[in-house]
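File shown: structure.csv. Contents: CSV, C-alpha atoms.
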```csv
chain,number,residue,atom,x,y,z
A,22,MET,CA,30.2,-87.7,-35.7
A,23,PRO,CA,31.9,-84.3,-35.2
A,24,VAL,CA,30.1,-81.2,-36.6
A,25,SER,CA,32.1,-78.7,-38.6
A,26,LEU,CA,31.8,-75.0,-37.9
A,27,SER,CA,31.5,-74.1,-41.6
A,28,GLN,CA,28.7,-76.7,-42.0
A,29,GLY,CA,26.8,-75.4,-39.0
A,30,ALA,CA,27.1,-71.8,-40.2
A,31,ARG,CA,25.7,-72.7,-43.6
A,32,LYS,CA,22.7,-74.6,-42.2
A,33,ASP,CA,21.6,-72.2,-39.5
A,34,PRO,CA,23.6,-69.2,-38.4
A,35,TYR,CA,21.6,-69.0,-35.2
A,36,ALA,CA,21.9,-72.7,-34.2
A,37,ARG,CA,23.7,-73.5,-31.0
A,38,ILE,CA,26.5,-75.9,-31.2
A,39,SER,CA,27.0,-78.0,-28.0
A,40,PHE,CA,29.5,-80.7,-27.3
A,41,TYR,CA,29.2,-83.0,-24.3
A,42,ASP,CA,31.9,-84.6,-22.2
A,43,PRO,CA,32.0,-88.4,-22.7
A,44,ALA,CA,31.9,-89.1,-19.0
A,45,ASN,CA,28.8,-87.0,-18.5
A,46,GLN,CA,27.3,-88.5,-21.6
A,47,ALA,CA,27.7,-92.0,-20.3
A,48,ALA,CA,25.9,-91.0,-17.0
A,49,VAL,CA,23.1,-89.6,-19.0
A,50,ASP,CA,22.9,-92.7,-21.2
A,51,ARG,CA,22.7,-94.9,-18.1
A,52,LEU,CA,19.8,-92.9,-16.7
A,53,LEU,CA,18.0,-93.0,-20.0
A,54,ALA,CA,18.6,-96.8,-20.3
A,55,GLY,CA,17.3,-97.3,-16.8
A,56,GLY,CA,14.1,-95.4,-17.7
A,57,GLU,CA,13.6,-97.6,-20.8
A,58,LYS,CA,13.4,-100.8,-18.8
A,59,GLY,CA,9.9,-100.0,-17.7
A,60,ILE,CA,8.0,-99.2,-14.5
A,61,GLY,CA,7.9,-102.8,-13.4
A,62,GLU,CA,11.5,-102.9,-12.3
A,63,ASP,CA,11.5,-101.9,-8.7
A,64,GLU,CA,15.2,-102.0,-8.2
A,65,SER,CA,15.9,-99.5,-11.0
A,66,ASN,CA,13.1,-97.2,-9.7
A,67,GLU,CA,14.4,-97.3,-6.2
A,68,ALA,CA,17.9,-96.5,-7.4
A,69,THR,CA,16.6,-93.6,-9.4
A,70,LEU,CA,14.6,-92.3,-6.5
A,71,ALA,CA,17.7,-92.6,-4.3
A,72,ASN,CA,19.8,-90.6,-6.7
A,73,ILE,CA,17.1,-87.9,-6.9
A,74,GLU,CA,16.7,-87.9,-3.1
A,75,GLU,CA,20.5,-87.6,-2.7
A,76,MET,CA,20.5,-84.6,-5.2
A,77,LEU,CA,17.7,-83.0,-3.4
A,78,ASP,CA,19.3,-83.3,0.0
A,79,GLY,CA,22.1,-81.1,-1.2
A,80,TYR,CA,19.6,-78.3,-1.8
A,81,GLU,CA,18.1,-78.6,1.7
A,82,TRP,CA,14.8,-80.2,0.6
A,83,ALA,CA,13.0,-81.5,3.7
A,84,VAL,CA,9.8,-83.4,4.2
A,85,SER,CA,7.9,-82.4,7.2
A,86,ALA,CA,4.5,-83.4,8.4
A,87,SER,CA,2.1,-80.6,8.9
A,88,VAL,CA,-1.6,-79.9,8.9
A,89,GLY,CA,-1.6,-78.6,5.5
A,90,GLY,CA,0.6,-81.5,4.2
A,91,TRP,CA,4.0,-81.3,2.6
A,92,GLU,CA,5.7,-77.9,2.4
A,93,GLU,CA,8.8,-76.8,0.4
A,94,PRO,CA,11.4,-74.6,2.0
A,95,LYS,CA,11.8,-71.2,0.4
A,96,GLY,CA,14.8,-70.6,-2.1
A,97,ALA,CA,15.4,-74.3,-2.9
A,98,ALA,CA,14.2,-73.9,-6.6
A,99,ASP,CA,16.4,-70.9,-7.2
A,100,GLN,CA,19.4,-72.8,-5.8
A,101,ILE,CA,18.6,-75.7,-8.1
A,102,GLU,CA,18.3,-73.4,-11.1
A,103,ALA,CA,21.5,-71.6,-10.3
A,104,ARG,CA,23.5,-74.9,-9.9
A,105,LEU,CA,22.1,-76.3,-13.1
A,106,LEU,CA,23.0,-73.2,-15.0
A,107,LYS,CA,26.5,-73.3,-13.5
A,108,GLU,CA,26.9,-76.9,-14.4
A,109,LEU,CA,25.7,-76.2,-17.9
A,110,GLY,CA,28.1,-73.3,-18.4
A,111,ALA,CA,31.0,-75.5,-17.2
A,112,LEU,CA,29.9,-78.3,-19.5
A,113,ASP,CA,29.8,-75.9,-22.5
A,114,ALA,CA,33.2,-74.5,-21.6
A,115,ALA,CA,34.7,-78.0,-21.4
A,116,ASN,CA,33.1,-79.0,-24.7
A,117,MET,CA,34.4,-75.9,-26.4
A,118,TYR,CA,37.9,-76.4,-25.0
A,119,SER,CA,38.0,-80.0,-26.1
A,120,PHE,CA,36.9,-78.9,-29.6
A,121,VAL,CA,39.5,-76.3,-29.8
A,122,GLU,CA,42.2,-78.7,-28.7
A,123,SER,CA,41.2,-81.3,-31.2
A,124,ASP,CA,41.2,-78.9,-34.3
A,125,THR,CA,44.7,-77.9,-35.6
A,126,ARG,CA,43.2,-75.0,-37.6
A,127,VAL,CA,42.5,-73.0,-34.5
A,128,ALA,CA,46.2,-72.5,-33.8
A,129,THR,CA,46.5,-71.1,-37.4
A,130,VAL,CA,43.6,-68.8,-36.9
A,131,LEU,CA,45.0,-67.6,-33.6
A,132,GLY,CA,48.4,-67.0,-35.3
A,133,PHE,CA,46.6,-64.9,-37.9
A,134,ILE,CA,44.8,-63.0,-35.1
A,135,ASP,CA,48.0,-62.3,-33.4
A,136,GLU,CA,49.6,-61.0,-36.6
A,137,ALA,CA,46.4,-58.9,-37.2
A,138,LEU,CA,46.7,-57.4,-33.7
A,139,LYS,CA,50.3,-56.5,-34.3
A,140,GLU,CA,49.4,-54.8,-37.5
A,141,LEU,CA,46.6,-53.0,-35.8
A,142,ASP,CA,49.1,-51.8,-33.1
A,143,GLU,CA,51.4,-50.6,-35.9
A,144,MET,CA,48.5,-48.9,-37.7
A,145,ASP,CA,47.4,-47.3,-34.4
A,146,GLY,CA,50.9,-45.9,-34.0
A,147,SER,CA,50.9,-44.6,-37.6
A,148,ILE,CA,47.5,-43.1,-37.1
A,149,THR,CA,48.7,-41.4,-33.9
A,150,SER,CA,51.6,-40.0,-35.8
A,151,TYR,CA,49.4,-38.9,-38.6
A,152,LYS,CA,47.1,-37.3,-36.1
A,153,ILE,CA,50.0,-35.3,-34.6
A,154,HIS,CA,51.0,-34.2,-38.1
A,155,LEU,CA,47.5,-33.3,-39.0
A,156,ASN,CA,47.1,-31.3,-35.8
A,157,ALA,CA,50.3,-29.4,-36.6
A,158,VAL,CA,49.1,-28.8,-40.2
A,159,ASN,CA,45.7,-27.6,-38.7
A,160,ASP,CA,47.5,-25.1,-36.5
A,161,ASP,CA,49.5,-23.9,-39.5
A,162,ILE,CA,46.3,-23.5,-41.5
A,163,SER,CA,44.6,-21.7,-38.7
A,164,TYR,CA,47.6,-19.4,-38.4
A,165,ILE,CA,47.6,-18.8,-42.2
A,166,GLN,CA,43.8,-18.1,-42.1
A,167,SER,CA,44.2,-15.6,-39.3
A,168,GLN,CA,47.1,-13.9,-41.2
A,169,ASN,CA,44.9,-13.9,-44.3
A,170,ARG,CA,42.1,-12.3,-42.5
A,171,GLY,CA,44.5,-9.7,-41.1
A,172,LEU,CA,45.9,-9.1,-44.5
A,173,GLN,CA,42.3,-8.7,-45.9
A,174,VAL,CA,41.5,-6.1,-43.2
A,175,GLN,CA,44.8,-4.4,-43.8
A,176,THR,CA,44.2,-4.4,-47.6
A,177,GLN,CA,40.7,-2.9,-47.1
A,178,ASN,CA,42.2,-0.2,-44.8
A,179,GLN,CA,44.9,0.6,-47.3
A,180,ARG,CA,42.3,0.9,-50.0
A,181,GLY,CA,40.2,3.2,-47.9
A,182,LEU,CA,43.3,5.2,-47.0
A,183,LEU,CA,44.4,5.4,-50.6
A,184,LYS,CA,40.9,6.6,-51.6
A,185,GLU,CA,41.0,9.2,-48.9
A,186,LEU,CA,44.4,10.3,-50.0
A,187,GLU,CA,43.4,10.6,-53.6
A,188,GLY,CA,40.4,12.7,-52.6
A,189,LEU,CA,42.6,14.8,-50.4
A,190,PHE,CA,45.2,15.3,-53.1
A,191,GLN,CA,42.4,16.1,-55.5
A,192,THR,CA,41.1,18.7,-53.1
A,193,VAL,CA,44.4,20.1,-52.2
A,194,GLN,CA,45.8,20.2,-55.8
A,195,VAL,CA,45.3,23.4,-57.8
A,196,ASP,CA,45.9,23.6,-61.5
A,197,ARG,CA,49.0,25.4,-62.5
A,198,GLU,CA,47.0,27.4,-65.0
A,199,SER,CA,44.8,28.7,-62.2
A,200,LEU,CA,47.8,29.7,-60.1
A,201,LEU,CA,49.3,31.6,-63.1
A,202,MET,CA,46.0,33.3,-63.7
A,203,LEU,CA,46.0,34.6,-60.1
A,204,THR,CA,49.3,36.3,-60.7
A,205,SER,CA,48.9,37.5,-64.3
A,206,GLN,CA,45.3,37.9,-65.1
A,207,SER,CA,44.2,41.6,-65.4
A,208,LEU,CA,41.8,42.8,-62.7
A,209,ASP,CA,40.4,45.7,-64.7
A,210,LYS,CA,38.8,43.6,-67.5
A,211,PRO,CA,35.2,42.5,-66.7
A,212,THR,CA,35.7,39.3,-68.7
A,213,GLY,CA,38.7,38.2,-66.5
A,214,ILE,CA,37.0,38.7,-63.1
A,215,PRO,CA,34.9,35.4,-63.3
A,216,ARG,CA,38.0,33.5,-64.2
A,217,LEU,CA,39.9,35.0,-61.3
A,218,GLU,CA,37.0,34.1,-59.0
A,219,GLU,CA,37.1,30.4,-60.2
A,220,ALA,CA,40.9,30.2,-59.6
A,221,ALA,CA,40.6,31.9,-56.2
A,222,THR,CA,37.8,29.4,-55.3
A,223,GLU,CA,40.1,26.4,-56.1
A,224,LEU,CA,42.9,28.0,-54.1
A,225,TYR,CA,40.6,28.6,-51.2
A,226,LYS,CA,39.3,25.0,-51.1
A,227,ALA,CA,42.9,23.7,-51.2
A,228,LEU,CA,44.0,25.9,-48.3
A,229,GLN,CA,40.9,25.0,-46.2
A,230,ALA,CA,41.5,21.3,-46.8
A,231,GLY,CA,45.2,21.7,-45.9
A,232,ARG,CA,44.2,23.1,-42.5
A,233,GLU,CA,42.7,19.7,-41.5
A,234,THR,CA,45.8,17.6,-42.3
A,235,ASP,CA,49.4,17.5,-41.2
A,236,MET,CA,50.7,15.2,-43.9
A,237,ALA,CA,54.3,15.9,-45.0
A,238,ALA,CA,53.4,15.2,-48.6
A,239,THR,CA,51.0,18.2,-48.7
A,240,MET,CA,52.9,20.7,-46.6
A,241,GLN,CA,55.3,21.7,-49.3
A,242,ARG,CA,52.5,22.2,-51.7
A,243,LEU,CA,50.5,24.1,-49.2
A,244,ASP,CA,53.4,26.5,-48.5
A,245,GLU,CA,53.5,27.2,-52.3
A,246,TYR,CA,49.7,27.8,-52.3
A,247,ARG,CA,50.0,30.2,-49.3
A,248,THR,CA,52.6,32.2,-51.3
A,249,TYR,CA,50.2,32.5,-54.2
A,250,ASN,CA,47.5,33.5,-51.8
A,251,GLN,CA,49.5,36.3,-50.3
A,252,GLN,CA,50.5,37.6,-53.7
A,253,PHE,CA,47.0,37.6,-55.0
A,254,CYS,CA,45.7,39.4,-51.9
A,255,GLN,CA,48.4,42.0,-52.3
A,256,ARG,CA,47.3,42.5,-55.9
A,257,ILE,CA,43.7,43.1,-54.8
A,258,VAL,CA,44.7,45.6,-52.2
A,259,GLN,CA,46.9,47.5,-54.6
A,260,PHE,CA,44.3,47.5,-57.5
A,261,LEU,CA,41.0,48.3,-55.8
A,262,PRO,CA,42.1,51.6,-54.1
A,263,MET,CA,43.1,52.9,-57.5
A,264,MET,CA,39.7,51.8,-58.9
A,265,PHE,CA,37.9,53.5,-56.0
A,266,SER,CA,39.7,56.8,-56.8
A,267,TYR,CA,39.0,56.4,-60.5
A,268,GLN,CA,35.3,55.8,-60.0
A,269,ALA,CA,35.1,58.8,-57.6
A,270,ASP,CA,36.8,61.0,-60.2
A,271,LEU,CA,34.3,59.9,-62.8
A,272,ILE,CA,31.4,60.9,-60.6
A,273,LEU,CA,33.0,64.3,-59.8
A,274,ASN,CA,33.8,65.1,-63.4
A,275,SER,CA,30.4,63.9,-64.7
A,276,LYS,CA,29.2,67.6,-64.9
A,277,SER,CA,31.6,68.5,-67.7
A,278,LYS,CA,30.4,65.5,-69.7
A,279,GLU,CA,26.7,66.1,-69.1
A,280,LYS,CA,26.0,69.7,-70.0
A,281,LYS,CA,22.3,69.4,-69.4
A,282,ARG,CA,22.8,68.1,-65.9
A,283,ASP,CA,21.2,70.2,-63.1
A,284,PRO,CA,24.1,71.6,-61.0
A,285,LEU,CA,21.9,71.7,-57.9
A,286,ILE,CA,21.6,67.8,-57.8
A,287,ILE,CA,24.4,65.7,-56.4
A,288,ALA,CA,25.6,63.0,-58.9
A,289,SER,CA,24.4,59.5,-58.0
A,290,HIS,CA,26.9,56.8,-56.8
A,291,GLY,CA,25.0,54.0,-58.5
A,292,PRO,CA,27.4,53.6,-61.4
A,293,MET,CA,30.3,53.4,-59.0
A,294,GLU,CA,28.6,50.8,-56.8
A,295,GLU,CA,27.5,48.8,-59.8
A,296,TYR,CA,31.0,48.7,-61.2
A,297,LEU,CA,32.6,47.8,-57.9
A,298,GLY,CA,30.0,45.1,-57.3
A,299,ASN,CA,31.8,43.0,-59.9
A,300,TYR,CA,34.7,42.7,-57.4
A,301,GLY,CA,32.4,41.4,-54.6
A,302,GLY,CA,33.6,37.8,-54.9
A,303,LEU,CA,37.3,38.8,-54.8
A,304,ILE,CA,36.6,41.1,-51.8
A,305,ARG,CA,34.9,38.2,-49.9
A,306,TYR,CA,37.9,36.0,-50.7
A,307,LEU,CA,40.2,38.7,-49.3
A,308,LYS,CA,38.0,38.8,-46.2
A,309,GLU,CA,38.3,35.1,-45.6
A,310,MET,CA,42.0,34.8,-46.4
A,311,ASP,CA,43.6,38.0,-45.1
A,312,GLU,CA,41.5,40.0,-42.6
A,313,THR,CA,44.3,42.6,-42.1
A,314,ARG,CA,44.4,43.6,-45.7
A,315,TYR,CA,40.6,43.4,-45.9
A,316,GLY,CA,40.4,46.0,-43.0
A,317,LYS,CA,42.8,48.3,-44.8
A,318,LEU,CA,40.8,48.0,-48.0
A,319,CYS,CA,37.6,48.9,-46.2
A,320,GLY,CA,39.3,51.9,-44.7
A,321,THR,CA,40.5,53.0,-48.1
A,322,TYR,CA,37.0,52.7,-49.6
A,323,PHE,CA,35.3,54.6,-46.7
A,324,GLY,CA,37.9,57.3,-47.0
A,325,THR,CA,37.5,57.6,-50.8
A,326,VAL,CA,33.7,57.6,-50.6
A,327,GLY,CA,33.8,60.1,-47.7
A,328,GLN,CA,36.0,62.4,-49.7
A,329,LEU,CA,33.7,62.1,-52.7
A,330,TYR,CA,30.7,63.1,-50.6
A,331,LYS,CA,32.7,66.0,-49.2
A,332,ASP,CA,33.8,67.2,-52.7
A,333,GLN,CA,30.2,66.9,-54.0
A,334,VAL,CA,28.7,68.8,-51.1
A,335,LYS,CA,31.4,71.5,-51.4
A,336,ALA,CA,30.7,71.7,-55.2
A,337,LEU,CA,27.0,72.0,-54.4
A,338,LEU,CA,27.6,74.8,-51.9
A,339,ASP,CA,29.8,76.6,-54.3
A,340,VAL,CA,26.9,76.5,-56.8
A,341,TYR,CA,24.5,77.8,-54.3
A,342,LEU,CA,27.0,80.5,-53.3
A,343,THR,CA,27.4,81.5,-56.9
A,344,LEU,CA,23.6,81.7,-57.3
A,345,VAL,CA,23.3,83.8,-54.2
A,346,ARG,CA,26.0,86.2,-55.2
A,347,ARG,CA,24.5,86.5,-58.7
A,348,ALA,CA,21.0,87.3,-57.2
A,349,THR,CA,22.5,89.9,-54.9
A,350,ASP,CA,24.4,91.6,-57.7
A,351,ASP,CA,21.3,91.7,-59.9
A,352,GLU,CA,19.3,93.2,-57.1
A,353,SER,CA,21.9,95.8,-56.4
A,354,GLU,CA,22.0,96.8,-60.0
A,355,MET,CA,18.3,97.2,-60.0
A,356,ASN,CA,18.3,99.4,-56.9
A,357,PHE,CA,21.1,101.8,-58.0
A,358,ALA,CA,20.2,102.1,-61.7
A,359,PRO,CA,19.5,105.8,-63.1
A,360,LEU,CA,15.9,106.9,-63.8
A,361,SER,CA,15.0,107.2,-67.4
A,362,SER,CA,13.1,110.1,-68.9
A,363,ASN,CA,10.2,108.0,-69.7
A,364,SER,CA,9.9,106.6,-66.2
A,365,ALA,CA,6.8,107.1,-64.1
A,366,LEU,CA,8.7,109.4,-61.5
A,367,SER,CA,9.5,112.0,-64.1
A,368,ARG,CA,5.9,112.3,-64.8
```

Can I see the file as structure tokens?
Amino acid sequence: MPVSLSQGARKDPYARISFYDPANQAAVDRLLAGGEKGIGEDESNEATLANIEEMLDGYEWAVSASVGGWEEPKGAADQIEARLLKELGALDAANMYSFVESDTRVATVLGFIDEALKELDEMDGSITSYKIHLNAVNDDISYIQSQNRGLQVQTQNQRGLLKELEGLFQTVQVDRESLLMLTSQSLDKPTGIPRLEEAATELYKALQAGRETDMAATMQRLDEYRTYNQQFCQRIVQFLPMMFSYQADLILNSKSKEKKRDPLIIASHGPMEEYLGNYGGLIRYLKEMDETRYGKLCGTYFGTVGQLYKDQVKALLDVYLTLVRRATDDESEMNFAPLSSNSALSR
């Protein structure tokens, strides 16, 4: 009775299905039938032994008399095992082939397998095409990512540059009010001097920052600031010499205002120095921005102060000379005066 594959799979998935060739099965049946007749039948036993001896002769079995008795040649058992395994494999292959040939469903399964292989080949081609497209997309994505990283770096650099430019413009820029103050604010008012110093400080910072950059956007503005700087320095140079002379005149003419002042004492320069000290910040600005005008202003100051000392010393000498002359005249009058009647000489 033939055994179905589905039934064998349901009973035991690990069971081995073996089919035997009819001719070989008949030979096996004959041998088994001969063994069932019993030991008493000599002819069957002799035939069986003859068959076994014939089989063993093919494997080079030999019976030799020796002192130790019968001995078996080496390698005979291995040859028997190999031949039996070979015969068994051939038998299994023949049985499987006969089973396949006898079942019509195998052809149907093989047809399905061929169709599945064709579909697999088509799928393999499609997958290869998809892989190529995916690799191209991956390259595009990598390029876009690299461009994105470059754009991010460029954006950060532009933000940093914009921040630096804003700081630079903030430093270079001077309020219009401060610029107008440098040109119109009076220099002789004590309340206006601090405001002038603040405006001059802003202009100084802008010009110093402009020296460190060559940007075209700031050059025009810096040229304008340099013009304001020259005008302001010129105002300082024109105003302070007049103030030097005015303060010197105040010191020289202080005698007429102070009647109780001792004429033999030179007037102090403290008030003049204290007043001119208010312009110290502007003078330092002039020194940093225009050394030529600063040198001329210093020369004017030294000349004015020197002339003041000279006039004071001359005035002091004139006072001493007047005192000396007065003392001489008094002494002369005492020496040449006439003797009175009541004098001691008349007595």

Using all atoms listed in the file: which of A:Ile257, A:Ala348, A:Ile148, A:Leu337 has the shortest distance to Lys308 (chain A): A:Ile257

Among listed residues A:Thr125, A:Ser163, A:Asn274, A:Gln194, nearest Gly231 (chain A) (using only C-alpha atoms): A:Gln194

Point (34.8, 48.5, -63.1), cut-off 9 Å, counting only C-alpha atoms, residues as a ChimeraX atom specification: /A:209-211,264,268,293,295-300

Within 9 Å of file point (34.9, 58.8, -56.6), counting all atoms listed in the file, expressed as a count of residues only: 17

Region 248-272 of chain A rebuilt with N, CA and C atoms, output as a compact mmCIF listing (two decimals), in the coordinates of the input:
```
# COMPACT_ATOMS: atom_id res chain seq x y z
N THR A 248 51.88 31.12 -50.58
CA THR A 248 52.60 32.20 -51.30
C THR A 248 51.78 32.82 -52.36
N TYR A 249 51.13 32.00 -53.16
CA TYR A 249 50.20 32.50 -54.20
C TYR A 249 49.08 33.29 -53.61
N ASN A 250 48.59 32.82 -52.48
CA ASN A 250 47.50 33.50 -51.80
C ASN A 250 47.91 34.92 -51.39
N GLN A 251 49.06 35.04 -50.76
CA GLN A 251 49.50 36.30 -50.30
C GLN A 251 49.77 37.29 -51.50
N GLN A 252 50.29 36.75 -52.57
CA GLN A 252 50.50 37.60 -53.70
C GLN A 252 49.21 38.08 -54.34
N PHE A 253 48.24 37.21 -54.41
CA PHE A 253 47.00 37.60 -55.00
C PHE A 253 46.24 38.62 -54.09
N CYS A 254 46.27 38.39 -52.79
CA CYS A 254 45.70 39.40 -51.90
C CYS A 254 46.35 40.74 -52.00
N GLN A 255 47.66 40.72 -52.15
CA GLN A 255 48.40 42.00 -52.30
C GLN A 255 47.96 42.67 -53.63
N ARG A 256 47.73 41.90 -54.68
CA ARG A 256 47.30 42.50 -55.90
C ARG A 256 45.90 43.14 -55.78
N ILE A 257 45.01 42.50 -55.04
CA ILE A 257 43.70 43.10 -54.80
C ILE A 257 43.78 44.38 -54.06
N VAL A 258 44.59 44.37 -53.00
CA VAL A 258 44.70 45.60 -52.20
C VAL A 258 45.37 46.72 -52.95
N GLN A 259 46.24 46.41 -53.85
CA GLN A 259 46.90 47.50 -54.60
C GLN A 259 45.99 47.97 -55.77
N PHE A 260 45.15 47.11 -56.31
CA PHE A 260 44.30 47.50 -57.50
C PHE A 260 43.07 48.23 -57.08
N LEU A 261 42.33 47.73 -56.12
CA LEU A 261 41.00 48.30 -55.80
C LEU A 261 41.08 49.74 -55.31
N PRO A 262 42.02 50.15 -54.50
CA PRO A 262 42.10 51.60 -54.10
C PRO A 262 42.19 52.49 -55.34
N MET A 263 42.99 52.09 -56.32
CA MET A 263 43.10 52.90 -57.50
C MET A 263 41.74 52.94 -58.26
N MET A 264 41.03 51.81 -58.24
CA MET A 264 39.70 51.80 -58.90
C MET A 264 38.72 52.63 -58.11
N PHE A 265 38.81 52.66 -56.78
CA PHE A 265 37.90 53.50 -56.00
C PHE A 265 38.15 55.00 -56.40
N SER A 266 39.39 55.43 -56.49
CA SER A 266 39.70 56.80 -56.80
C SER A 266 39.24 57.14 -58.27
N TYR A 267 39.46 56.16 -59.15
CA TYR A 267 39.00 56.40 -60.50
C TYR A 267 37.54 56.55 -60.65
N GLN A 268 36.77 55.73 -59.99
CA GLN A 268 35.30 55.80 -60.00
C GLN A 268 34.84 57.12 -59.36
N ALA A 269 35.50 57.52 -58.31
CA ALA A 269 35.10 58.80 -57.60
C ALA A 269 35.39 59.97 -58.57
N ASP A 270 36.50 59.94 -59.27
CA ASP A 270 36.80 61.00 -60.20
C ASP A 270 35.77 61.06 -61.34
N LEU A 271 35.32 59.91 -61.79
CA LEU A 271 34.30 59.90 -62.80
C LEU A 271 33.01 60.56 -62.37
N ILE A 272 32.64 60.33 -61.13
CA ILE A 272 31.40 60.90 -60.60
C ILE A 272 31.59 62.45 -60.46
```
